[in-house]
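Text of the file target31.cif, holding mmCIF, C-alpha atoms:
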data_final
#
loop_
_atom_site.label_atom_id
_atom_site.label_comp_id
_atom_site.auth_asym_id
_atom_site.auth_seq_id
_atom_site.Cartn_x
_atom_site.Cartn_y
_atom_site.Cartn_z
CA MET A 1 -145.10 137.74 171.90
CA GLU A 2 -147.02 135.06 173.68
CA SER A 3 -149.57 135.74 176.34
CA LYS A 4 -150.00 133.20 179.12
CA ASN A 5 -153.66 133.88 179.78
CA GLY A 6 -155.32 133.57 176.39
CA ASP A 7 -154.59 135.64 173.34
CA LYS A 8 -154.34 139.12 174.74
CA ILE A 9 -153.94 141.80 172.09
CA TRP A 10 -151.29 144.35 172.99
CA LYS A 11 -151.38 147.87 171.60
CA ARG A 12 -148.31 149.31 169.88
CA ARG A 13 -147.76 151.86 172.65
CA GLU A 14 -147.97 149.23 175.39
CA ILE A 15 -145.11 147.36 173.71
CA GLU A 16 -142.92 150.31 172.80
CA GLU A 17 -142.81 151.80 176.29
CA PRO A 18 -141.29 148.85 178.20
CA LEU A 19 -138.82 148.29 175.35
CA ILE A 20 -137.56 151.85 175.52
CA ASN A 21 -137.53 151.69 179.34
CA SER A 22 -135.39 148.56 179.30
CA LEU A 23 -132.96 150.10 176.85
CA LEU A 24 -132.74 153.19 179.04
CA VAL A 25 -132.01 151.06 182.10
CA LEU A 26 -129.32 149.09 180.30
CA ARG A 27 -127.48 151.89 178.49
CA GLY A 28 -129.10 155.24 179.31
CA ILE A 29 -130.25 157.91 176.90
CA VAL A 30 -126.96 158.05 174.96
CA GLY A 31 -127.10 154.28 174.51
CA LEU A 32 -130.70 154.47 173.34
CA VAL A 33 -129.77 157.07 170.73
CA GLU A 34 -126.74 155.07 169.61
CA THR A 35 -128.79 151.92 169.02
CA ASN A 36 -131.05 153.80 166.60
CA PHE A 37 -133.92 151.77 168.00
CA LYS A 38 -137.24 151.95 166.14
CA LEU A 39 -140.37 149.82 166.19
CA VAL A 40 -140.86 149.86 162.42
CA LYS A 41 -143.99 147.77 162.20
CA TYR A 42 -146.32 146.20 164.70
CA ASP A 43 -149.10 143.79 163.89
CA GLU A 44 -151.66 143.54 166.70
CA GLN A 45 -153.33 140.49 165.16
CA ARG A 46 -150.12 138.53 165.17
CA SER A 47 -148.76 140.09 168.38
CA ALA A 48 -145.50 140.51 166.53
CA GLY A 49 -143.48 143.36 165.16
CA ILE A 50 -140.30 144.49 163.45
CA ILE A 51 -137.61 146.44 165.28
CA SER A 52 -134.84 148.16 163.44
CA CYS A 53 -131.54 149.01 165.11
CA PHE A 54 -127.86 149.59 164.38
CA HIS A 55 -126.25 146.19 163.68
CA LYS A 56 -123.56 146.64 166.33
CA HIS A 57 -126.20 146.90 169.06
CA VAL A 58 -128.29 143.83 168.23
CA ASP A 59 -127.29 142.13 171.51
CA LEU A 60 -128.39 145.14 173.52
CA VAL A 61 -131.77 145.28 171.79
CA ARG A 62 -132.25 141.52 172.26
CA SER A 63 -131.56 141.89 176.01
CA ALA A 64 -134.00 144.79 176.18
CA ILE A 65 -136.65 142.59 174.53
CA LEU A 66 -136.00 139.83 177.10
CA MET A 67 -136.31 142.29 179.98
CA ALA A 68 -139.35 144.07 178.56
CA GLY A 69 -141.27 140.80 178.45
CA TYR A 70 -141.13 140.58 182.23
CA ARG A 71 -142.55 144.06 182.58
CA LEU A 72 -145.68 143.08 180.67
CA ASP A 73 -147.72 140.89 182.96
CA ASN A 74 -148.06 137.22 182.01
CA THR A 75 -146.45 137.73 178.64
CA VAL A 76 -143.31 136.38 177.04
CA MET A 77 -141.50 138.53 174.52
CA TYR A 78 -138.76 137.08 172.36
CA THR A 79 -136.81 137.56 169.17
CA VAL A 80 -138.01 135.32 166.36
CA LYS A 81 -135.31 136.12 163.81
CA THR A 82 -132.62 138.67 163.08
CA THR A 83 -132.25 139.76 159.47
CA GLY A 84 -130.35 142.43 157.59
CA THR A 85 -133.10 143.75 155.38
CA LEU A 86 -136.59 145.08 155.97
CA LYS A 87 -137.91 143.10 153.02
CA LYS A 88 -136.97 139.79 154.63
CA ALA A 89 -138.27 140.95 158.01
CA ILE A 90 -141.68 141.75 156.50
CA LYS A 91 -141.72 138.35 154.81
CA ILE A 92 -141.06 136.62 158.15
CA LEU A 93 -143.73 138.70 159.88
CA GLU A 94 -146.28 137.86 157.23
CA SER A 95 -145.48 134.17 157.46
CA MET A 96 -146.46 134.14 161.13
CA PRO A 97 -149.96 132.93 162.02
CA LYS A 98 -152.56 135.61 162.73
CA ILE A 99 -153.75 134.24 166.02
CA ILE A 100 -150.95 132.72 168.06
CA SER A 101 -151.77 129.13 168.85
CA HIS A 102 -150.88 127.98 172.32
CA ASN A 103 -149.55 124.51 172.66
CA PHE A 104 -148.89 124.93 176.32
CA VAL A 105 -151.24 125.07 179.23
CA ASP A 106 -150.41 127.50 181.99
CA THR A 107 -149.78 125.49 185.13
CA ARG A 108 -149.13 128.46 187.35
CA LYS A 109 -151.67 128.84 190.14
CA GLU A 110 -153.50 132.16 190.31
CA MET B 1 -125.36 124.06 163.65
CA ARG B 2 -124.83 124.97 167.30
CA LYS B 3 -126.42 122.77 169.93
CA PHE B 4 -127.96 124.67 172.82
CA TYR B 5 -128.63 123.32 176.29
CA ASP B 6 -130.71 124.65 179.17
CA LEU B 7 -129.27 123.00 182.23
CA TYR B 8 -131.79 124.10 184.85
CA ILE B 9 -135.48 123.31 184.62
CA VAL B 10 -137.67 122.69 187.65
CA ALA B 11 -140.47 120.37 186.57
CA SER B 12 -142.46 117.42 187.80
CA THR B 13 -142.38 114.19 185.76
CA GLU B 14 -145.83 114.91 184.26
CA ASP B 15 -144.80 118.35 183.03
CA ILE B 16 -141.62 117.23 181.27
CA PRO B 17 -143.27 116.81 177.81
CA LYS B 18 -144.47 120.44 177.90
CA PHE B 19 -140.97 121.66 178.64
CA LEU B 20 -139.51 119.46 175.93
CA GLU B 21 -141.99 120.75 173.39
CA ARG B 22 -141.21 124.33 174.33
CA GLY B 23 -137.47 123.62 174.28
CA LEU B 24 -137.75 122.16 170.81
CA LYS B 25 -139.66 125.21 169.60
CA LEU B 26 -137.04 127.59 171.01
CA GLY B 27 -134.13 125.65 169.51
CA TYR B 28 -132.72 123.70 172.45
CA ARG B 29 -131.05 120.37 171.95
CA GLY B 30 -131.16 119.29 175.59
CA ILE B 31 -132.68 120.30 178.90
CA ALA B 32 -131.67 119.26 182.41
CA ILE B 33 -134.45 118.50 184.86
CA SER B 34 -133.70 119.15 188.50
CA GLY B 35 -134.12 116.10 190.74
CA LEU B 36 -134.64 113.64 187.88
CA SER B 37 -132.38 110.63 188.36
CA ILE B 38 -130.98 108.51 185.52
CA SER B 39 -133.18 105.54 186.47
CA THR B 40 -136.37 107.67 186.43
CA ARG B 41 -135.38 109.15 183.09
CA GLU B 42 -135.02 105.72 181.55
CA LYS B 43 -138.61 104.91 182.54
CA LEU B 44 -139.98 107.97 180.68
CA GLU B 45 -141.37 107.25 177.25
CA ILE B 46 -140.90 110.52 175.39
CA ASP B 47 -140.06 110.64 171.72
CA LEU B 48 -138.82 114.13 170.95
CA ASN B 49 -135.57 115.41 169.54
CA VAL B 50 -134.60 117.03 172.82
CA GLU B 51 -132.32 115.20 175.24
CA ILE B 52 -133.26 114.95 178.90
CA ILE B 53 -130.36 115.36 181.29
CA SER B 54 -130.60 114.37 184.92
CA ARG B 55 -129.48 116.89 187.50
CA LEU B 56 -129.21 117.12 191.26
CA ASP B 57 -129.32 120.39 193.19
CA LEU B 58 -127.47 120.35 196.47
CA TYR B 59 -128.44 123.05 199.01
CA PHE B 60 -126.17 122.90 202.05
CA ASP B 61 -124.43 124.88 204.74
CA ARG B 62 -122.41 122.08 206.36
CA ASN B 63 -119.84 120.18 204.31
CA ILE B 64 -120.62 116.87 205.99
CA GLN B 65 -124.21 117.00 204.65
CA ALA B 66 -122.90 117.51 201.14
CA LYS B 67 -120.33 114.72 201.47
CA ARG B 68 -122.98 112.26 202.62
CA ILE B 69 -125.30 113.05 199.71
CA LEU B 70 -122.48 113.09 197.17
CA ARG B 71 -121.26 109.66 198.27
CA LYS B 72 -124.75 108.25 197.81
CA GLU B 73 -126.00 110.09 194.72
CA ARG B 74 -123.04 110.88 192.47
CA ARG B 75 -123.64 107.91 190.19
CA ASN B 76 -127.42 108.47 190.01
CA PHE B 77 -127.24 111.90 188.38
CA GLU B 78 -125.39 113.27 185.36
CA ILE B 79 -124.88 116.76 186.69
CA ILE B 80 -124.48 117.86 190.30
CA VAL B 81 -124.89 121.53 191.17
CA ALA B 82 -124.03 123.02 194.54
CA HIS B 83 -125.96 125.92 196.07
CA PRO B 84 -123.69 126.92 198.97
CA LYS B 85 -125.12 129.02 201.78
CA ASN B 86 -121.88 130.18 203.41
CA VAL B 87 -118.20 130.72 202.64
CA ASN B 88 -117.10 127.29 203.94
CA ALA B 89 -119.65 125.53 201.78
CA ALA B 90 -118.65 127.64 198.78
CA ARG B 91 -114.95 126.77 199.18
CA PHE B 92 -115.77 123.10 199.62
CA SER B 93 -117.91 123.17 196.46
CA ALA B 94 -115.03 124.66 194.51
CA ARG B 95 -112.59 121.96 195.70
CA ASP B 96 -114.72 118.80 195.53
CA ARG B 97 -114.35 116.95 192.22
CA ARG B 98 -117.80 115.39 192.39
CA ILE B 99 -119.48 118.79 192.04
CA ASP B 100 -119.74 120.08 188.48
CA MET B 101 -121.21 123.53 188.85
CA ILE B 102 -121.84 126.12 191.54
CA ASN B 103 -124.93 128.31 191.63
CA PHE B 104 -124.86 131.40 193.86
CA HIS B 105 -128.49 132.40 193.35
CA GLY B 106 -129.56 134.31 196.48
CA ASN B 107 -126.01 134.33 197.88
CA GLU B 108 -124.19 136.27 195.19
CA HIS B 109 -121.91 137.94 197.76
CA LEU B 110 -120.14 134.56 198.19
CA PHE B 111 -118.73 134.80 194.66
CA GLY B 112 -115.76 137.06 195.39
CA PRO B 113 -112.28 137.21 193.88
CA VAL B 114 -110.91 134.42 196.14
CA GLN B 115 -113.77 132.08 195.28
CA ALA B 116 -113.47 132.94 191.58
CA LYS B 117 -109.74 132.20 191.57
CA LEU B 118 -110.26 128.87 193.34
CA MET B 119 -113.00 127.94 190.88
CA ALA B 120 -110.83 128.86 187.91
CA ASN B 121 -107.93 126.74 189.25
CA GLU B 122 -110.14 123.75 189.98
CA GLY B 123 -112.01 124.03 186.66
CA LYS B 124 -115.38 124.56 188.33
CA ILE B 125 -118.19 126.18 186.41
CA LEU B 126 -120.32 129.08 187.57
CA GLU B 127 -124.01 128.72 186.89
CA VAL B 128 -125.95 131.93 186.33
CA CYS B 129 -129.68 131.47 186.21
CA LEU B 130 -132.30 133.96 185.13
CA LYS B 131 -134.50 133.39 188.19
CA ARG B 132 -133.70 136.76 189.66
CA ILE B 133 -134.86 138.71 186.64
CA ARG B 134 -138.32 137.16 187.04
CA VAL B 135 -138.91 139.41 190.03
CA LEU B 136 -139.59 142.14 187.49
CA ASN B 137 -143.17 143.12 186.74
CA LYS B 138 -145.16 146.11 185.58
CA LYS B 139 -144.78 147.91 188.91
CA SER B 140 -141.05 147.28 189.39
CA SER B 141 -139.18 150.42 190.28
CA LEU B 142 -135.97 151.57 188.68
CA ARG B 143 -134.21 150.73 191.96
CA THR B 144 -135.25 147.06 191.73
CA LEU B 145 -134.11 146.87 188.13
CA PHE B 146 -130.80 148.46 189.00
CA SER B 147 -130.13 146.06 191.88
CA ILE B 148 -130.92 143.02 189.72
CA ILE B 149 -128.71 144.13 186.87
CA ARG B 150 -125.89 145.04 189.22
CA ARG B 151 -125.83 141.52 190.69
CA TYR B 152 -125.59 139.93 187.24
CA TYR B 153 -122.99 142.45 186.10
CA ASN B 154 -120.73 141.93 189.15
CA MET B 155 -120.78 138.15 188.83
CA LEU B 156 -120.25 138.03 185.09
CA THR B 157 -117.46 140.59 184.94
CA LEU B 158 -115.60 138.87 187.78
CA ALA B 159 -116.00 135.48 186.08
CA ARG B 160 -114.61 136.91 182.85
CA GLU B 161 -111.67 138.57 184.57
CA MET B 162 -110.71 135.43 186.50
CA GLY B 163 -111.31 133.04 183.61
CA VAL B 164 -114.14 131.09 185.24
CA ASP B 165 -116.35 129.23 182.77
CA VAL B 166 -119.99 130.24 182.95
CA VAL B 167 -123.13 128.30 182.15
CA CYS B 168 -126.34 130.26 181.82
CA SER B 169 -129.67 128.57 182.40
CA SER B 170 -133.25 129.67 182.73
CA GLY B 171 -134.23 128.03 186.04
CA ALA B 172 -137.74 127.86 184.62
CA SER B 173 -140.59 126.26 186.54
CA ASP B 174 -143.09 127.04 183.78
CA PRO B 175 -142.62 126.45 180.03
CA TYR B 176 -143.28 130.14 179.39
CA GLU B 177 -140.28 131.08 181.50
CA MET B 178 -137.91 129.56 178.96
CA HIS B 179 -136.25 131.92 176.50
CA PRO B 180 -134.56 131.45 173.13
CA PRO B 181 -130.87 130.64 173.70
CA ARG B 182 -129.62 133.51 171.58
CA ASP B 183 -131.68 136.01 173.62
CA ILE B 184 -130.13 134.72 176.84
CA ALA B 185 -126.66 134.84 175.26
CA ALA B 186 -127.27 138.44 174.19
CA PHE B 187 -128.42 139.33 177.70
CA ILE B 188 -125.35 137.93 179.47
CA SER B 189 -123.08 139.27 176.78
CA THR B 190 -124.45 142.77 177.40
CA LEU B 191 -124.04 142.34 181.14
CA GLY B 192 -120.33 141.66 181.01
CA LEU B 193 -119.51 138.25 179.55
CA GLY B 194 -118.80 139.57 176.06
CA ASP B 195 -118.03 137.22 173.16
CA ARG B 196 -117.87 134.12 175.35
CA ALA B 197 -121.59 134.35 176.15
CA ILE B 198 -122.70 132.06 173.35
CA TYR B 199 -120.47 129.23 174.66
CA SER B 200 -122.20 129.34 178.03
CA LEU B 201 -125.29 127.87 176.40
CA SER B 202 -123.67 125.57 173.89
CA LYS B 203 -120.07 124.42 174.12
CA ILE B 204 -119.59 124.43 177.91
CA PRO B 205 -122.84 122.63 178.91
CA MET B 206 -122.28 120.09 176.15
CA SER B 207 -118.75 119.38 177.38
CA ILE B 208 -120.00 118.84 180.98
CA VAL B 209 -122.71 116.44 179.86
CA GLU B 210 -120.38 114.47 177.57
CA ARG B 211 -117.64 114.28 180.19
CA ASN B 212 -120.00 113.06 182.90
CA ARG B 213 -121.70 110.54 180.63
CA LEU B 214 -118.29 109.12 179.83
CA LYS B 215 -117.42 108.94 183.54
CA LEU B 216 -120.69 107.12 184.30
CA SER B 217 -120.21 104.61 181.48
CA ASN B 218 -118.63 101.18 181.95
CA LYS B 219 -115.62 102.19 179.84
CA PHE B 220 -114.33 104.63 182.43
CA ILE B 221 -111.84 103.19 184.92
CA ALA B 222 -109.99 106.17 186.39
CA PRO B 223 -109.11 109.69 185.20
CA GLY B 224 -106.95 109.13 182.12
CA VAL B 225 -107.64 105.37 182.01
CA MET B 226 -110.30 104.11 179.60
CA LEU B 227 -111.39 100.70 178.41
CA LEU B 228 -111.09 100.65 174.61
CA ASP B 229 -113.36 98.66 172.29
CA GLU B 230 -112.12 95.17 171.54
#
Starting from the file, lay out its structure as structure tokens.
Amino acid sequence: MESKNGDKIWKRREIEEPLINSLLVLRGIVGLVETNFKLVKYDEQRSAGIISCFHKHVDLVRSAILMAGYRLDNTVMYTVKTTGTLKKAIKILESMPKIISHNFVDTRKE
Amino acid sequence: MRKFYDLYIVASTEDIPKFLERGLKLGYRGIAISGLSISTREKLEIDLNVEIISRLDLYFDRNIQAKRILRKERRNFEIIVAHPKNVNAARFSARDRRIDMINFHGNEHLFGPVQAKLMANEGKILEVCLKRIRVLNKKSSLRTLFSIIRRYYNMLTLAREMGVDVVCSSGASDPYEMHPPRDIAAFISTLGLGDRAIYSLSKIPMSIVERNRLKLSNKFIAPGVMLLDE
């Protein structure tokens, strides 16, 4: 996740709620259950986390992530990488920098 | 490796490097800047591995306006996109060979079965941009969400049924509004485009750009007639 106005630290619950909401909007409760969606790990320092889901519903979870980003003000949420094992996912998460560096300046007027 | 293109970016000349940097980070190979002509692009001194494509957006409700601009500007831009405001304009956009893509943002009701069939026959491409989804925020109601998703779903399912090629672009006016191509592909795939979604960010935009670059080159004489190297 990247925050437009500085490095805002998001709590795990603040992230999980819009994700579940987006999934519910896209596929309903049955769809949510079928995806087997779970926020396995969330690192507040890195503003990044690991989501596990059923492999056939990766596209649905990716779309939910895209939509959830808009529901968090001034924040962009996106998928960094999709992997098949938790071990690799943890490795990718740990390779990410602790404080997200911003190369871009927000040009949007307040 | 697949080459991804974002064919709709709204940026001023000073902001282009920021968009290019962001595009490179997200895995894009090329981005199209709205209103940037070929001559202006050649003056830019940017050294990044992301191509800049020039694009013209045509908003019109009377065909004569469009014809006048097309006559003047066709050779100054690589891609021309029509934003029709009424049925007549939409039909004209589907028939005219100088127009590459049609964007129905804000007038989605114009993309009906008749329009879709005409576009499929004429080989016109439907552009779907993610501008509408940006209306969402923390306070958005379920009703708003539903109406947004319904619009995308209707357009994409109709395009798939009728065999209309789709290009999906971000329509970003801020570097943060750009998304990774695979996320966008997943989104439109979920909303009705299915397996063809990935092509709407890679194969189809690339073919438009290559085709138009060939047409604008000195080698092109007429459709089907080319000047070969000596």
Against chain A, which residues of chain B fall within 9 Å? For each one I want the closest pair of atoms and the distance in Å (one decimal), counting all atoms listed in the file, rows by chain and increasing residue number, as a Markdown table.
| residue | atom | partner | partner_atom | distance |
| --- | --- | --- | --- | --- |
| B:Asp15 | CA | A:Thr107 | CA | 9.0 |
| B:Lys18 | CA | A:Phe104 | CA | 6.5 |
| B:Phe19 | CA | A:Phe104 | CA | 8.9 |
| B:Glu21 | CA | A:Asn103 | CA | 8.5 |
| B:Arg22 | CA | A:Phe104 | CA | 8.0 |
| B:Ile133 | CA | A:Met67 | CA | 7.7 |
| B:Arg134 | CA | A:Tyr70 | CA | 6.5 |
| B:Val135 | CA | A:Tyr70 | CA | 8.2 |
| B:Leu136 | CA | A:Tyr70 | CA | 5.7 |
| B:Asn137 | CA | A:Arg71 | CA | 4.3 |
| B:Lys138 | CA | A:Arg71 | CA | 4.5 |
| B:Lys139 | CA | A:Arg71 | CA | 7.7 |
| B:Ser140 | CA | A:Arg71 | CA | 7.7 |
| B:Leu142 | CA | A:Val25 | CA | 7.7 |
| B:Leu145 | CA | A:Val25 | CA | 7.6 |
| B:Phe146 | CA | A:Val25 | CA | 7.5 |
| B:Ile149 | CA | A:Leu26 | CA | 8.3 |
| B:Ser173 | CA | A:Arg108 | CA | 8.9 |
| B:Asp174 | CA | A:Thr107 | CA | 7.0 |
| B:Pro175 | CA | A:Phe104 | CA | 7.4 |
| B:Tyr176 | CA | A:Val76 | CA | 6.7 |
| B:Glu177 | CA | A:Val76 | CA | 7.6 |
| B:Met178 | CA | A:Val76 | CA | 8.9 |
| B:His179 | CA | A:Tyr78 | CA | 7.1 |
| B:Pro180 | CA | A:Tyr78 | CA | 7.1 |
| B:Arg182 | CA | A:Arg62 | CA | 8.5 |
| B:Asp183 | CA | A:Arg62 | CA | 5.7 |
| B:Ile184 | CA | A:Ser63 | CA | 7.4 |
| B:Ala185 | CA | A:Asp59 | CA | 8.2 |
| B:Ala186 | CA | A:Asp59 | CA | 4.6 |
| B:Phe187 | CA | A:Ser63 | CA | 4.4 |
| B:Ile188 | CA | A:Ser63 | CA | 8.1 |
| B:Ser189 | CA | A:Asp59 | CA | 7.3 |
| B:Thr190 | CA | A:Leu60 | CA | 6.0 |
| B:Leu191 | CA | A:Leu26 | CA | 8.6 |
- [ ] To one decimal in Å, tell me the separation between atom CA of Ile9 of chain B and atom CA of Ser169 of chain B.
- [x] 8.1 Å
- [ ] Determine the nearest neighbour of Val128 of chain B from the options B:Phe77, B:Tyr28, B:Tyr8, B:Tyr199, counting all atoms listed in the file.
- [x] B:Tyr8
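In this model, the gap between atom CA of Ile38 of chain B and atom CA of Phe4 of chain B comes to 20.8 Å.
Atom CA of Ser12 of chain B is positioned 11.6 Å from atom CA of Thr40 of chain B.
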TODO: Quick one: apply the PyMOL selection byres ((chain B and resi 32) around 10) to the file and drop the selected residues here as a PyMOL selection string.
DONE: chain B and resi 5-11+30-31+33-36+51-56+78-79+169+171+209
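The set of residues that the PyMOL selection byres ((chain B and resi 49) around 8) takes from this file is B:Leu24, B:Arg29, B:Asp47, B:Leu48, B:Val50, B:Glu51.
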Selection result for the PyMOL selection byres ((chain A and resi 42-45) around 8) on this file, as a PDB file with C-alpha atoms, in the coordinates of the input:
ATOM      1  CA  ILE A   9    -153.940 141.800 172.090  1.00  0.00           C
ATOM      2  CA  TRP A  10    -151.290 144.350 172.990  1.00  0.00           C
ATOM      3  CA  LYS A  11    -151.380 147.870 171.600  1.00  0.00           C
ATOM      4  CA  ARG A  12    -148.310 149.310 169.880  1.00  0.00           C
ATOM      5  CA  LEU A  39    -140.370 149.820 166.190  1.00  0.00           C
ATOM      6  CA  VAL A  40    -140.860 149.860 162.420  1.00  0.00           C
ATOM      7  CA  LYS A  41    -143.990 147.770 162.200  1.00  0.00           C
ATOM      8  CA  ARG A  46    -150.120 138.530 165.170  1.00  0.00           C
ATOM      9  CA  SER A  47    -148.760 140.090 168.380  1.00  0.00           C
ATOM     10  CA  ALA A  48    -145.500 140.510 166.530  1.00  0.00           C
ATOM     11  CA  GLY A  49    -143.480 143.360 165.160  1.00  0.00           C
ATOM     12  CA  ILE A  50    -140.300 144.490 163.450  1.00  0.00           C
ATOM     13  CA  LYS A  98    -152.560 135.610 162.730  1.00  0.00           C
ATOM     14  CA  ILE A  99    -153.750 134.240 166.020  1.00  0.00           C
TER      15      ILE A  99
END
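With all atoms listed in the file as the atoms that count, the minimum distance from Gly23 of chain B to the choices B:Pro181, B:Gly112, B:Arg41, B:Asn121 is reached by B:Pro181.
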Task: Which of B:Met119, B:Ala82, B:Met101, B:Leu227 sits closest to Ile208 of chain B [using only C-alpha atoms] - done: B:Met101
- [ ] Quick one: residues within 9 Å of (-116.6, 130.3, 180.4) (file frame), counting all atoms listed in the file, please, as a list in words.
- [x] Ile125, Leu126, Ala159, Arg160, Gly163, Val164, Asp165, Val166, Val167, Leu193, Arg196, Ala197, Tyr199, Ser200 and Ile204 of chain B
Open item on the list: Residues within 12 Å of Thr85 of chain A, please, as JSON, numbers by chain. Count all atoms listed in the file; anything in the same chain fewer than 3 positions from it doesn't count.
Closed with: {"A": [50, 51, 52, 53, 54, 55, 81, 82, 88, 89, 90, 91, 92]}
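Comparing B:Ser202, B:Gln115, B:Ser147, B:Ser141 by their smallest distance to Cys168 of chain B, the closest is B:Ser202 (using all atoms listed in the file).
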Task: Polymer residues at most 9 Å from Ala66 of chain B, all atoms listed in the file, same-chain spacing of 6 or more positions, as a PyMOL selection string - done: chain B and resi 58-60+82+89+93
